[in-house]
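One file, upload.cif, is given below (mmCIF, C-alpha atoms).
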data_run
#
loop_
_atom_site.label_atom_id
_atom_site.label_comp_id
_atom_site.auth_asym_id
_atom_site.auth_seq_id
_atom_site.Cartn_x
_atom_site.Cartn_y
_atom_site.Cartn_z
CA MET A 1 -17.89 14.54 -69.40
CA ALA A 2 -18.95 13.97 -65.79
CA LEU A 3 -20.88 10.83 -66.74
CA LEU A 4 -17.93 9.60 -68.76
CA GLY A 5 -15.64 10.15 -65.75
CA LEU A 6 -17.95 8.19 -63.46
CA PHE A 7 -18.12 5.38 -66.01
CA VAL A 8 -14.31 5.18 -66.22
CA LEU A 9 -14.05 5.21 -62.41
CA ALA A 10 -16.59 2.41 -62.16
CA LEU A 11 -14.63 0.34 -64.70
CA LEU A 12 -11.38 0.87 -62.81
CA THR A 13 -13.04 -0.06 -59.52
CA ALA A 14 -14.56 -3.21 -61.04
CA ARG A 15 -11.19 -4.16 -62.52
CA LEU A 16 -9.50 -3.73 -59.14
CA VAL A 17 -12.14 -5.86 -57.43
CA VAL A 18 -11.72 -8.60 -60.05
CA GLY A 19 -7.97 -8.47 -59.49
CA LEU A 20 -8.45 -8.80 -55.75
CA LYS A 21 -10.69 -11.80 -56.22
CA SER A 22 -8.10 -13.59 -58.29
CA ALA A 23 -5.10 -12.89 -56.05
CA ILE A 24 -4.99 -12.44 -52.26
CA SER A 25 -1.62 -11.13 -51.07
CA LEU A 26 -0.67 -12.16 -47.53
CA SER A 27 1.67 -10.67 -44.96
CA GLU A 28 4.62 -12.47 -43.42
CA ALA A 29 3.70 -14.99 -40.72
CA ILE A 30 2.57 -13.21 -37.53
CA VAL A 31 3.63 -15.33 -34.54
CA LEU A 32 1.51 -15.54 -31.40
CA PRO A 33 3.53 -14.51 -28.30
CA CYS A 34 2.67 -17.50 -26.12
CA GLU A 35 2.35 -20.36 -28.62
CA GLU A 36 4.01 -21.93 -31.61
CA LEU A 37 1.16 -20.65 -33.76
CA SER A 38 1.32 -18.15 -36.59
CA VAL A 39 -1.00 -16.83 -39.28
CA SER A 40 -0.72 -14.46 -42.23
CA MET A 41 -3.18 -11.65 -42.89
CA PRO A 42 -4.31 -10.14 -46.22
CA SER A 43 -2.05 -7.24 -47.09
CA GLY A 44 -2.01 -4.62 -49.85
CA ASN A 45 -4.45 -4.26 -52.78
CA GLY A 46 -6.92 -2.44 -50.54
CA TRP A 47 -6.29 -4.53 -47.41
CA TYR A 48 -4.98 -2.93 -44.21
CA SER A 49 -4.09 -5.36 -41.43
CA GLN A 50 -2.44 -5.39 -38.02
CA GLU A 51 1.17 -6.50 -37.83
CA GLN A 52 0.93 -8.01 -34.34
CA TRP A 53 -1.50 -9.76 -32.03
CA GLU A 54 -3.41 -7.56 -29.58
CA PHE A 55 -4.33 -8.90 -26.13
CA MET A 56 -7.80 -8.03 -24.80
CA ASN A 57 -10.48 -9.79 -22.74
CA ASN A 58 -8.32 -12.90 -22.20
CA ALA A 59 -7.81 -13.40 -25.92
CA PHE A 60 -5.36 -12.39 -28.64
CA ALA A 61 -6.74 -10.79 -31.78
CA LEU A 62 -5.60 -9.81 -35.27
CA ARG A 63 -7.76 -7.53 -37.39
CA GLY A 64 -7.79 -6.34 -40.98
CA VAL A 65 -10.11 -4.31 -43.23
CA PHE A 66 -10.61 -4.00 -46.98
CA ALA A 67 -11.52 -0.55 -48.30
CA LEU A 68 -11.13 0.69 -51.89
CA HIS A 69 -11.76 4.25 -50.78
CA SER A 70 -12.32 6.18 -47.59
CA GLY A 71 -15.49 5.36 -45.75
CA ARG A 72 -17.03 2.14 -44.49
CA PRO A 73 -14.87 -0.95 -45.16
CA ALA A 74 -16.24 -3.39 -47.71
CA ALA A 75 -14.81 -6.41 -45.85
CA GLN A 76 -13.09 -7.21 -42.58
CA VAL A 77 -11.07 -10.05 -41.04
CA THR A 78 -10.72 -11.03 -37.39
CA CYS A 79 -8.56 -13.85 -36.02
CA ARG A 80 -9.04 -14.54 -32.30
CA TYR A 81 -7.04 -16.87 -30.08
CA LEU A 82 -9.01 -17.53 -26.88
CA LEU A 83 -7.04 -18.57 -23.78
CA ALA A 84 -9.97 -20.06 -21.84
CA ALA A 85 -12.74 -20.86 -24.27
CA GLU A 86 -16.05 -22.33 -23.23
CA PRO A 87 -16.36 -25.84 -24.70
CA ALA A 88 -18.94 -25.58 -27.46
CA SER A 89 -19.51 -27.63 -30.60
CA PRO A 90 -18.78 -25.99 -33.98
CA ARG A 91 -22.51 -26.12 -34.69
CA SER A 92 -23.22 -24.10 -31.55
CA ARG A 93 -20.62 -21.54 -32.58
CA PHE A 94 -22.16 -21.29 -36.06
CA GLU A 95 -25.60 -20.75 -34.52
CA GLN A 96 -24.19 -18.01 -32.29
CA ILE A 97 -22.70 -16.12 -35.25
CA THR A 98 -25.90 -16.64 -37.26
CA ARG A 99 -27.93 -15.05 -34.47
CA GLU A 100 -25.50 -12.13 -34.26
CA VAL A 101 -25.93 -11.23 -37.94
CA ASP A 102 -29.53 -12.49 -38.26
CA GLY A 103 -28.45 -14.61 -41.20
CA THR A 104 -28.68 -18.18 -42.49
CA VAL A 105 -26.06 -20.94 -42.67
CA VAL A 106 -25.68 -21.77 -46.36
CA LYS A 107 -22.86 -24.29 -46.20
CA THR A 108 -20.57 -25.99 -43.67
CA GLY A 109 -17.36 -27.94 -44.03
CA GLN A 110 -14.08 -28.96 -42.47
CA THR A 111 -10.49 -28.19 -43.46
CA LYS A 112 -7.31 -29.76 -42.09
CA VAL A 113 -4.06 -27.80 -41.93
CA GLY A 114 -1.25 -29.81 -40.36
CA THR A 115 -2.53 -30.95 -36.96
CA LEU A 116 -5.33 -28.37 -36.94
CA THR A 117 -8.91 -29.15 -37.88
CA ILE A 118 -10.93 -26.08 -38.87
CA ASP A 119 -14.73 -26.42 -38.85
CA TRP A 120 -16.25 -23.64 -40.94
CA ALA A 121 -19.56 -22.25 -42.10
CA ARG A 122 -20.70 -19.83 -44.80
CA ILE A 123 -23.40 -17.53 -43.50
CA GLU A 124 -25.40 -15.11 -45.62
CA LYS A 125 -28.00 -12.40 -45.23
CA PRO A 126 -28.98 -11.54 -48.84
CA ASP A 127 -31.25 -8.59 -48.08
CA ILE A 128 -28.25 -6.50 -46.92
CA LEU A 129 -25.68 -8.27 -49.14
CA LEU A 130 -23.82 -9.68 -46.11
CA GLY A 131 -21.55 -12.70 -46.48
CA VAL A 132 -19.62 -14.32 -43.60
CA PHE A 133 -17.08 -17.13 -43.48
CA PHE A 134 -16.45 -18.33 -39.93
CA GLY A 135 -14.06 -21.08 -38.85
CA THR A 136 -13.17 -22.45 -35.42
CA ALA A 137 -10.56 -24.92 -34.15
CA ARG A 138 -10.14 -26.42 -30.68
CA LEU A 139 -6.57 -26.51 -29.38
CA PRO A 140 -4.97 -28.18 -26.32
CA ASN A 141 -5.49 -26.72 -22.83
CA ASN A 142 -8.85 -25.08 -23.62
CA ARG A 143 -7.36 -22.82 -26.28
CA GLN A 144 -9.47 -21.97 -29.31
CA LEU A 145 -8.78 -20.27 -32.63
CA ASP A 146 -11.58 -18.42 -34.46
CA ILE A 147 -11.25 -16.93 -37.96
CA GLU A 148 -13.98 -14.70 -39.35
CA VAL A 149 -14.19 -12.86 -42.69
CA ARG A 150 -17.15 -10.58 -43.43
CA GLN A 151 -18.11 -8.80 -46.64
CA VAL A 152 -20.85 -6.19 -46.77
CA SER A 153 -20.77 -5.29 -50.47
CA GLY A 154 -22.41 -8.39 -51.92
CA GLY A 155 -21.06 -11.69 -53.18
CA THR A 156 -19.04 -14.27 -51.25
CA GLU A 157 -16.15 -15.03 -53.59
CA LEU A 158 -13.82 -12.46 -52.02
CA VAL A 159 -14.54 -13.56 -48.45
CA GLN A 160 -14.24 -17.22 -49.40
CA ARG A 161 -10.87 -16.78 -51.09
CA THR A 162 -9.63 -14.58 -48.24
CA PHE A 163 -10.77 -17.12 -45.64
CA GLN A 164 -9.16 -20.01 -47.52
CA SER A 165 -5.88 -18.09 -47.90
CA ILE A 166 -5.71 -17.29 -44.18
CA VAL A 167 -6.50 -20.88 -43.20
CA ALA A 168 -3.84 -22.20 -45.59
CA SER A 169 -1.25 -19.91 -43.96
CA LEU A 170 -1.81 -21.33 -40.47
CA SER A 171 1.12 -22.99 -38.73
CA PHE A 172 0.78 -24.76 -35.38
CA LYS A 173 3.31 -27.07 -33.74
CA GLU A 174 2.11 -29.32 -30.99
CA SER A 175 4.69 -30.46 -28.46
CA SER A 176 6.03 -33.95 -29.08
CA GLY A 177 8.72 -35.87 -27.23
CA HIS A 178 9.81 -33.29 -24.69
CA LEU A 179 6.84 -31.51 -23.20
CA GLY A 180 6.10 -28.06 -24.55
CA GLY A 181 6.08 -25.15 -22.10
CA LEU A 182 2.31 -24.96 -21.70
CA GLU A 183 1.88 -28.72 -21.35
CA ALA A 184 4.74 -28.81 -18.83
CA GLY A 185 3.02 -26.05 -16.87
CA ALA A 186 -0.28 -27.94 -16.98
CA GLU A 187 1.36 -31.08 -15.60
CA LEU A 188 3.10 -29.16 -12.82
CA VAL A 189 -0.11 -27.36 -11.77
CA THR A 190 -2.02 -30.66 -11.90
CA ALA A 191 0.60 -32.26 -9.63
CA LEU A 192 0.40 -29.28 -7.28
CA LYS A 193 -3.37 -29.63 -7.00
CA SER A 194 -3.13 -33.40 -6.47
CA GLN A 195 -0.62 -32.88 -3.70
CA GLY A 196 -2.81 -30.23 -2.11
CA LEU A 197 -1.86 -26.82 -0.79
CA ASP A 198 -0.87 -26.69 2.86
CA PRO A 199 0.67 -23.27 3.46
CA LEU A 200 -0.61 -23.18 7.07
CA ALA A 201 0.51 -26.57 8.27
CA ASN A 202 1.48 -25.12 11.66
CA ASN A 203 -1.95 -23.45 12.02
CA GLN A 204 -0.31 -20.03 12.28
CA ASP A 205 -1.32 -16.99 10.30
CA ARG A 206 1.42 -15.52 8.12
CA GLN A 207 1.96 -11.94 7.00
CA THR A 208 4.45 -10.70 4.43
CA PHE A 209 5.35 -7.10 3.57
CA TYR A 210 7.28 -5.70 0.61
CA LEU A 211 8.51 -2.13 0.25
CA ILE A 212 8.18 -0.93 -3.36
CA LYS A 213 10.89 1.36 -4.77
CA ASP A 214 11.23 3.05 -8.13
CA SER A 215 14.32 3.01 -10.36
CA ALA A 216 15.80 5.84 -8.25
CA GLU A 217 15.51 3.62 -5.15
CA GLN A 218 12.84 5.89 -3.66
CA PRO A 219 9.96 4.25 -1.72
CA ILE A 220 6.71 4.70 -3.63
CA GLY A 221 4.45 2.14 -1.97
CA PHE A 222 4.14 -1.30 -0.47
CA ALA A 223 2.55 -4.69 -0.98
CA ALA A 224 1.27 -6.87 1.83
CA ASP A 225 -0.31 -10.28 1.91
CA ALA A 226 -1.52 -12.60 4.63
CA LEU A 227 -2.37 -16.27 4.83
CA ILE A 228 -5.14 -16.84 7.34
CA ASN A 229 -6.07 -20.02 9.15
CA PRO A 230 -9.86 -20.13 8.72
CA GLY A 231 -10.33 -22.88 11.28
CA ARG A 232 -11.79 -26.35 10.95
CA GLU A 233 -15.40 -25.19 10.66
CA ALA A 234 -14.79 -22.86 7.72
CA LYS A 235 -16.06 -23.85 4.29
CA SER A 236 -12.82 -22.84 2.56
CA ASN A 237 -9.51 -24.48 3.50
CA ILE A 238 -7.34 -21.52 2.58
CA GLN A 239 -7.93 -17.79 2.90
CA THR A 240 -5.61 -14.96 1.87
CA ALA A 241 -5.80 -11.19 1.91
CA SER A 242 -3.61 -8.77 0.00
CA PHE A 243 -3.09 -5.02 -0.18
CA LEU A 244 -1.22 -2.92 -2.74
CA TYR A 245 -0.56 0.80 -2.46
CA ILE A 246 1.32 3.06 -4.89
CA LYS A 247 1.57 6.80 -4.26
CA GLY A 248 2.20 9.63 -6.70
CA ARG A 249 0.54 10.94 -9.84
CA ASN A 250 -0.81 7.48 -10.70
CA THR A 251 -2.02 6.60 -7.22
CA LEU A 252 -3.21 3.02 -6.91
CA GLU A 253 -4.77 1.10 -4.07
CA GLN A 254 -6.03 -2.45 -4.39
CA ARG A 255 -7.45 -4.80 -1.78
CA ALA A 256 -8.18 -8.43 -2.50
CA VAL A 257 -9.51 -11.46 -0.63
CA PHE A 258 -9.06 -15.00 -1.88
CA GLN A 259 -10.66 -18.25 -0.67
CA CYS A 260 -10.15 -21.72 -2.07
CA SER A 261 -10.27 -25.43 -1.40
CA ARG A 262 -7.00 -27.15 -0.60
CA ASN A 263 -6.76 -28.67 -4.08
CA LEU A 264 -7.70 -25.37 -5.78
CA ASP A 265 -10.67 -26.97 -7.56
CA GLU A 266 -12.90 -24.12 -6.38
CA PHE A 267 -12.02 -20.57 -5.47
CA VAL A 268 -13.49 -17.11 -4.92
CA TYR A 269 -11.46 -13.96 -5.58
CA LYS A 270 -12.81 -10.51 -4.65
CA SER A 271 -11.03 -7.21 -5.21
CA GLN A 272 -11.54 -3.46 -4.94
CA THR A 273 -9.35 -1.05 -6.88
CA TYR A 274 -9.01 2.70 -6.41
CA CYS A 275 -6.95 4.82 -8.78
CA SER A 276 -6.77 8.33 -10.23
CA THR A 277 -9.34 7.43 -12.90
CA GLY A 278 -11.95 6.04 -10.52
CA ALA A 279 -12.97 2.97 -8.53
CA SER A 280 -13.90 -0.55 -9.58
CA SER A 281 -14.41 -3.96 -8.07
CA ALA A 282 -14.49 -7.53 -9.29
CA GLU A 283 -15.69 -10.92 -8.10
CA ILE A 284 -14.31 -14.13 -9.57
CA VAL A 285 -15.91 -17.49 -8.87
CA ALA A 286 -14.44 -20.75 -10.17
CA ASP A 287 -16.23 -24.06 -9.69
CA ASN A 288 -14.88 -27.60 -9.73
CA THR A 289 -15.54 -27.95 -13.47
CA GLY A 290 -13.09 -25.17 -14.30
CA LEU A 291 -15.80 -22.65 -15.17
CA MET A 292 -14.65 -19.20 -14.05
CA THR A 293 -17.23 -16.40 -13.90
CA VAL A 294 -15.94 -12.84 -13.68
CA ARG A 295 -18.24 -10.04 -12.54
CA GLU A 296 -16.90 -6.51 -12.84
CA PHE A 297 -18.52 -3.51 -11.19
CA ASP A 298 -17.48 -0.01 -12.32
CA GLY A 299 -20.77 1.84 -12.49
CA ARG A 300 -22.36 -1.03 -14.36
CA THR A 301 -22.20 -4.78 -13.91
CA GLU A 302 -20.51 -6.88 -16.57
CA GLU A 303 -20.28 -10.66 -16.43
CA LYS A 304 -18.09 -12.98 -18.49
CA SER A 305 -17.35 -16.68 -18.27
CA TYR A 306 -14.22 -18.63 -19.12
CA ARG A 307 -13.21 -22.28 -18.99
CA LEU A 308 -9.82 -22.51 -17.28
CA GLY A 309 -7.22 -24.88 -18.67
CA ARG A 310 -5.07 -27.23 -16.64
CA ALA A 311 -2.22 -24.71 -16.55
CA ALA A 312 -4.29 -22.01 -14.79
CA VAL A 313 -3.23 -20.88 -11.32
CA PRO A 314 -4.32 -17.85 -9.21
CA ASP A 315 -1.48 -15.35 -8.73
CA VAL A 316 -1.57 -15.72 -4.94
CA PHE A 317 -0.08 -19.21 -5.31
CA LEU A 318 2.61 -18.43 -7.83
CA ASP A 319 5.22 -19.04 -5.13
CA GLN A 320 3.91 -22.61 -4.82
CA VAL A 321 4.61 -23.07 -8.53
CA LEU A 322 8.20 -21.92 -7.99
CA TRP A 323 8.66 -24.33 -5.10
CA LYS A 324 7.25 -27.16 -7.18
CA MET A 325 9.71 -26.34 -9.96
CA LEU A 326 12.60 -26.51 -7.49
CA ASN A 327 11.52 -30.05 -6.61
CA SER A 328 11.21 -31.11 -10.24
CA ASN A 329 13.38 -31.30 -13.33
CA GLN A 330 11.46 -28.56 -15.10
CA LYS A 331 13.60 -25.58 -16.06
CA GLU A 332 10.94 -23.67 -18.00
CA ILE A 333 7.15 -23.83 -18.10
CA ILE A 334 4.18 -21.70 -19.15
CA VAL A 335 1.25 -21.17 -16.78
CA ASP A 336 -1.93 -19.09 -17.04
CA VAL A 337 -1.85 -16.67 -14.12
CA VAL A 338 -5.26 -15.38 -12.91
CA ASP A 339 -5.13 -11.96 -11.22
CA PRO A 340 -7.71 -10.26 -8.92
CA ASN A 341 -9.46 -8.64 -11.92
CA GLY A 342 -10.01 -11.94 -13.73
CA ARG A 343 -7.29 -11.28 -16.28
CA ILE A 344 -5.58 -14.47 -17.51
CA THR A 345 -1.95 -13.86 -18.45
CA PRO A 346 0.12 -16.62 -20.09
CA THR A 347 3.41 -16.48 -18.22
CA SER A 348 6.73 -18.13 -18.99
CA VAL A 349 8.52 -19.20 -15.78
CA SER A 350 12.16 -20.24 -16.01
CA ARG A 351 14.96 -20.91 -13.54
CA THR A 352 17.96 -18.63 -13.91
CA GLU A 353 21.35 -18.08 -12.31
CA ALA A 354 20.79 -16.93 -8.74
CA GLY A 355 23.88 -14.74 -8.36
CA LYS A 356 25.71 -14.28 -5.07
CA ASP A 357 22.92 -12.89 -2.86
CA ALA A 358 20.09 -15.31 -3.64
CA ALA A 359 19.80 -19.07 -3.24
CA TYR A 360 17.39 -19.40 -6.17
CA ALA A 361 16.16 -17.12 -8.95
CA PHE A 362 13.41 -17.23 -11.56
CA GLU A 363 12.47 -15.10 -14.53
CA LEU A 364 8.82 -14.54 -15.36
CA ARG A 365 7.93 -13.22 -18.81
CA PHE A 366 4.34 -12.08 -19.28
CA LEU A 367 3.33 -13.27 -22.76
CA ASP A 368 0.54 -10.78 -23.43
CA GLY A 369 2.42 -8.62 -25.89
CA ARG A 370 3.51 -5.87 -23.46
CA ASN A 371 7.06 -7.23 -23.03
CA PHE A 372 6.81 -6.96 -19.22
CA SER A 373 8.91 -9.31 -17.08
CA GLU A 374 9.82 -10.01 -13.48
CA ARG A 375 12.83 -11.44 -11.67
CA VAL A 376 12.08 -13.33 -8.46
CA PHE A 377 14.75 -14.09 -5.84
CA LEU A 378 14.39 -16.71 -3.08
CA ASP A 379 16.49 -17.24 0.05
CA GLU A 380 17.77 -20.50 1.54
CA GLN A 381 14.35 -21.14 3.12
CA ARG A 382 12.81 -20.79 -0.37
CA GLN A 383 10.99 -17.65 0.63
CA ILE A 384 10.67 -14.74 -1.81
CA TYR A 385 12.68 -11.81 -0.48
CA ARG A 386 13.02 -9.61 -3.58
CA LEU A 387 11.33 -9.00 -6.92
CA LEU A 388 12.35 -6.82 -9.85
CA LEU A 389 9.39 -5.82 -12.02
CA HIS A 390 10.31 -4.53 -15.48
CA GLN A 391 7.55 -2.49 -17.12
CA GLU A 392 7.95 0.95 -18.69
CA ASP A 393 10.21 1.49 -15.68
CA THR A 394 11.84 -0.92 -13.22
CA TYR A 395 10.38 -1.38 -9.73
CA SER A 396 11.82 -3.40 -6.86
CA PHE A 397 9.81 -5.20 -4.18
CA GLU A 398 11.98 -5.78 -1.10
CA ARG A 399 10.77 -7.93 1.73
CA THR A 400 10.59 -6.00 4.98
CA SER A 401 8.78 -5.80 8.32
CA ALA A 402 5.36 -4.42 9.15
CA GLU A 403 7.07 -1.77 11.28
CA SER A 404 9.17 -0.59 8.34
CA VAL A 405 6.11 -0.23 6.11
CA ALA A 406 4.17 1.51 8.89
CA GLY A 407 7.03 3.98 9.24
CA GLU A 408 6.84 4.93 5.55
CA PHE A 409 3.08 4.64 5.01
CA PRO A 410 1.40 4.65 8.45
CA GLU A 411 -2.16 5.39 7.32
CA HIS A 412 -2.32 2.73 4.60
CA ALA A 413 -0.49 0.09 6.64
CA GLN A 414 -3.01 0.52 9.43
CA ARG A 415 -5.82 0.28 6.92
CA PHE A 416 -4.53 -3.12 5.77
CA LEU A 417 -4.16 -4.39 9.35
CA ARG A 418 -7.68 -3.24 10.26
CA SER A 419 -9.08 -4.95 7.16
CA LEU A 420 -7.20 -8.10 8.13
CA GLU A 421 -8.63 -8.14 11.65
CA LYS A 422 -12.15 -7.64 10.32
CA LEU A 423 -11.65 -10.47 7.86
CA LYS A 424 -10.55 -12.83 10.66
CA SER A 425 -13.54 -11.88 12.81
CA ASP A 426 -15.90 -12.67 9.93
CA LEU A 427 -14.55 -16.20 9.47
#

Show the structure stored in the file as structure tokens.
Amino acid sequence: MALLGLFVLALLTARLVVGLKSAISLSEAIVLPCEELSVSMPSGNGWYSQEQWEFMNNAFALRGVFALHSGRPAAQVTCRYLLAAEPASPRSRFEQITREVDGTVVKTGQTKVGTLTIDWARIEKPDILLGVFFGTARLPNNRQLDIEVRQVSGGTELVQRTFQSIVASLSFKESSGHLGGLEAGAELVTALKSQGLDPLANNQDRQTFYLIKDSAEQPIGFAADALINPGREAKSNIQTASFLYIKGRNTLEQRAVFQCSRNLDEFVYKSQTYCSTGASSAEIVADNTGLMTVREFDGRTEEKSYRLGRAAVPDVFLDQVLWKMLNSNQKEIIVDVVDPNGRITPTSVSRTEAGKDAAYAFELRFLDGRNFSERVFLDEQRQIYRLLLHQEDTYSFERTSAESVAGEFPEHAQRFLRSLEKLKSDL
């Protein structure tokens, strides 16, 4: 009886697998937050897939697994949308995946879906019954889409049909006529670089302080930044320093130093972060080819490289982007904002109604899936005097004096000023 039961179970399992091979059910289109790109994932009949893109390591990802019973999945799918991909030929990408699985490329090809061209390869490792279908497509502004389907239970028909179904579901709309948001952002940043940054035209250092309040209007910290005149002999044309302090249960302190050329072709960004969970530091170096190398130190050293697109701008010069928008006809753009930790966040920037207290206002929506946003208010001199940051809670940044910050947070304000003086003496 036991043998008969196992035989029946094997027949049912085989029948289910055959059914899966003949029909791949797909989910509704899953739209990427920052692009007019969507893809459907296998769903049901043993497939379990994510319903939304997940942002991690400067890329968006969708994942799915196929498992007939509990235990190790028999197949898996990963779609990755890279924001700053290193330029590499499809062949190089195939070789990279082949090395990862220690397999062999059996077949390559190319598939067109709308305006997208997908280069793909079938990779196998027969001794462990591994089959892989991997496809890659280059997109504008150094974006890249990778699709990978792996099967570890033998045969390649299931992975092939799954891969083909996912590719067929792709939808991507390139901007035509009016510039799309990302292309508009790329053009504005390019114009900004061509014009050159000159925030210290009068050769005077500049310091700015913001008092941070929570939703109950209670001071919880401050932000300070300074533009420093490095002098004619300095290698970098522009130098900035910034300091962020948040008190309370989730105490946070971050110091950062930024150096760049006047046209932003090259920059160095160094930061140290202290919080309740520990300390970490990062060093970001971007050269004139757009290659950005991020080194993170948090007990161990980790290094990653990215190729910045034309819409990339360090966060310390986001105000320059706003000023440039005020002098142009652009009402909404998308830029890739680089923060002190090397995180690249696609950000929608749009002009909004200023209201009665501000001369100008902008809304920034961070398109990384967290639904965070920020309102920025400028005065008649086009200087930022207030920000409203909407996260899990709402925080306000109100421009104030150094004396006001020192009155609320004397120890930390003095720490920033001492760091600033040391930085100047080292130039």

**Expected selection from the PyMOL selection byres ((chain A and resi 397) around 7), given as a VMD selection string** = chain A and resid 210 to 213 386 to 388 395 to 396 398 to 399

**Message:** Residues within 12 Å of (-2.8, 8.1, -9.4), file coordinates, counting all atoms listed in the file: what are they? Give the list as a list in words.
**Reply:** Ile220, Gly221, Tyr245, Ile246, Lys247, Gly248, Arg249, Asn250, Thr251, Leu252, Glu253, Thr273, Tyr274, Cys275, Ser276, Thr277, Gly278 and Ala279 of chain A

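Nearest to Gly109 in chain A of all the residues A:Ala121, A:Leu318, A:Leu417, A:Cys34 is A:Ala121, counting all atoms listed in the file.
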
**10 Å contact set for range 113-116 of chain A, only C-alpha atoms, chain neighbours under 2 positions out, as number ranges by chain** = A: 111, 118-119, 136-139, 145, 167-174

Translate the PyMOL selection byres ((chain A and resi 165) around 12), as applied to the file shown, into an explicit residue set as a PDB file with C-alpha atoms, keeping the file's coordinate frame.
ATOM      1  CA  LYS A  21     -10.690 -11.800 -56.220  1.00  0.00           C
ATOM      2  CA  SER A  22      -8.100 -13.590 -58.290  1.00  0.00           C
ATOM      3  CA  ALA A  23      -5.100 -12.890 -56.050  1.00  0.00           C
ATOM      4  CA  ILE A  24      -4.990 -12.440 -52.260  1.00  0.00           C
ATOM      5  CA  SER A  25      -1.620 -11.130 -51.070  1.00  0.00           C
ATOM      6  CA  LEU A  26      -0.670 -12.160 -47.530  1.00  0.00           C
ATOM      7  CA  SER A  27       1.670 -10.670 -44.960  1.00  0.00           C
ATOM      8  CA  VAL A  39      -1.000 -16.830 -39.280  1.00  0.00           C
ATOM      9  CA  SER A  40      -0.720 -14.460 -42.230  1.00  0.00           C
ATOM     10  CA  MET A  41      -3.180 -11.650 -42.890  1.00  0.00           C
ATOM     11  CA  PRO A  42      -4.310 -10.140 -46.220  1.00  0.00           C
ATOM     12  CA  SER A  43      -2.050  -7.240 -47.090  1.00  0.00           C
ATOM     13  CA  VAL A  77     -11.070 -10.050 -41.040  1.00  0.00           C
ATOM     14  CA  THR A 111     -10.490 -28.190 -43.460  1.00  0.00           C
ATOM     15  CA  VAL A 113      -4.060 -27.800 -41.930  1.00  0.00           C
ATOM     16  CA  ILE A 147     -11.250 -16.930 -37.960  1.00  0.00           C
ATOM     17  CA  VAL A 149     -14.190 -12.860 -42.690  1.00  0.00           C
ATOM     18  CA  LEU A 158     -13.820 -12.460 -52.020  1.00  0.00           C
ATOM     19  CA  VAL A 159     -14.540 -13.560 -48.450  1.00  0.00           C
ATOM     20  CA  GLN A 160     -14.240 -17.220 -49.400  1.00  0.00           C
ATOM     21  CA  ARG A 161     -10.870 -16.780 -51.090  1.00  0.00           C
ATOM     22  CA  THR A 162      -9.630 -14.580 -48.240  1.00  0.00           C
ATOM     23  CA  PHE A 163     -10.770 -17.120 -45.640  1.00  0.00           C
ATOM     24  CA  GLN A 164      -9.160 -20.010 -47.520  1.00  0.00           C
ATOM     25  CA  ILE A 166      -5.710 -17.290 -44.180  1.00  0.00           C
ATOM     26  CA  VAL A 167      -6.500 -20.880 -43.200  1.00  0.00           C
ATOM     27  CA  ALA A 168      -3.840 -22.200 -45.590  1.00  0.00           C
ATOM     28  CA  SER A 169      -1.250 -19.910 -43.960  1.00  0.00           C
ATOM     29  CA  LEU A 170      -1.810 -21.330 -40.470  1.00  0.00           C
TER      30      LEU A 170
END

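Across A:Ala75, A:Leu322, A:Val337, A:Val31, the tightest approach to Thr352 in chain A is made by A:Leu322 when counting all atoms listed in the file.
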
**Protein, DNA and RNA residues within 8 Å of (4.8, -10.4, 9.1), all atoms listed in the file, as a list in words** = Arg206, Gln207, Thr208, Phe209, Ser401 and Ala402 of chain A

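Nearest residue to Glu353 in chain A among A:Phe372, A:Phe377, A:Tyr306, A:Phe366 is A:Phe377, counting only C-alpha atoms.
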
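The gap separating CA of Lys304 in chain A from CA of Ala84 in chain A is 11.3 Å, in Å to one decimal.
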
**Item:** Matched chain/residue IDs from the PyMOL selection byres ((chain A and resi 283-286) around 10), as a PyMOL selection string
**Value:** chain A and resi 256-260+264-272+281-282+287-297+303-308+338-342

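Note that the spacing between CA of Val313 in chain A and CA of Val335 in chain A amounts to 7.1 Å.
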
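Across the model, the gap from CA of Ser373 in chain A to CA of Ala216 in chain A is 18.8 Å.
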
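Considering the residues A:Gln76, A:Val189, A:Arg99, A:Lys112 and counting all atoms listed in the file, Gln151 in chain A has its shortest atom-to-atom contact with A:Gln76.
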
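The nearest approach to Pro140 in chain A among the residues A:Arg343, A:Glu183, A:Ser261, A:Asn329, with all atoms listed in the file taken into account, belongs to A:Glu183.
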
**A:Phe134, A:Gln320, A:Asp214, A:Arg415 ranked by distance to Gln391 in chain A, top pick (using all atoms listed in the file)** = A:Asp214

Skipping near chain neighbours, those fewer than 6 positions away, what residues fall within 8 Å of Ser348 in chain A using only C-alpha atoms, listed as a PDB file with C-alpha atoms, in the coordinates of the input?
ATOM      1  CA  GLY A 181       6.080 -25.150 -22.100  1.00  0.00           C
ATOM      2  CA  GLU A 332      10.940 -23.670 -18.000  1.00  0.00           C
ATOM      3  CA  ILE A 333       7.150 -23.830 -18.100  1.00  0.00           C
ATOM      4  CA  ILE A 334       4.180 -21.700 -19.150  1.00  0.00           C
ATOM      5  CA  VAL A 335       1.250 -21.170 -16.780  1.00  0.00           C
ATOM      6  CA  GLU A 363      12.470 -15.100 -14.530  1.00  0.00           C
ATOM      7  CA  LEU A 364       8.820 -14.540 -15.360  1.00  0.00           C
ATOM      8  CA  ARG A 365       7.930 -13.220 -18.810  1.00  0.00           C
ATOM      9  CA  PHE A 366       4.340 -12.080 -19.280  1.00  0.00           C
ATOM     10  CA  LEU A 367       3.330 -13.270 -22.760  1.00  0.00           C
TER      11      LEU A 367
END
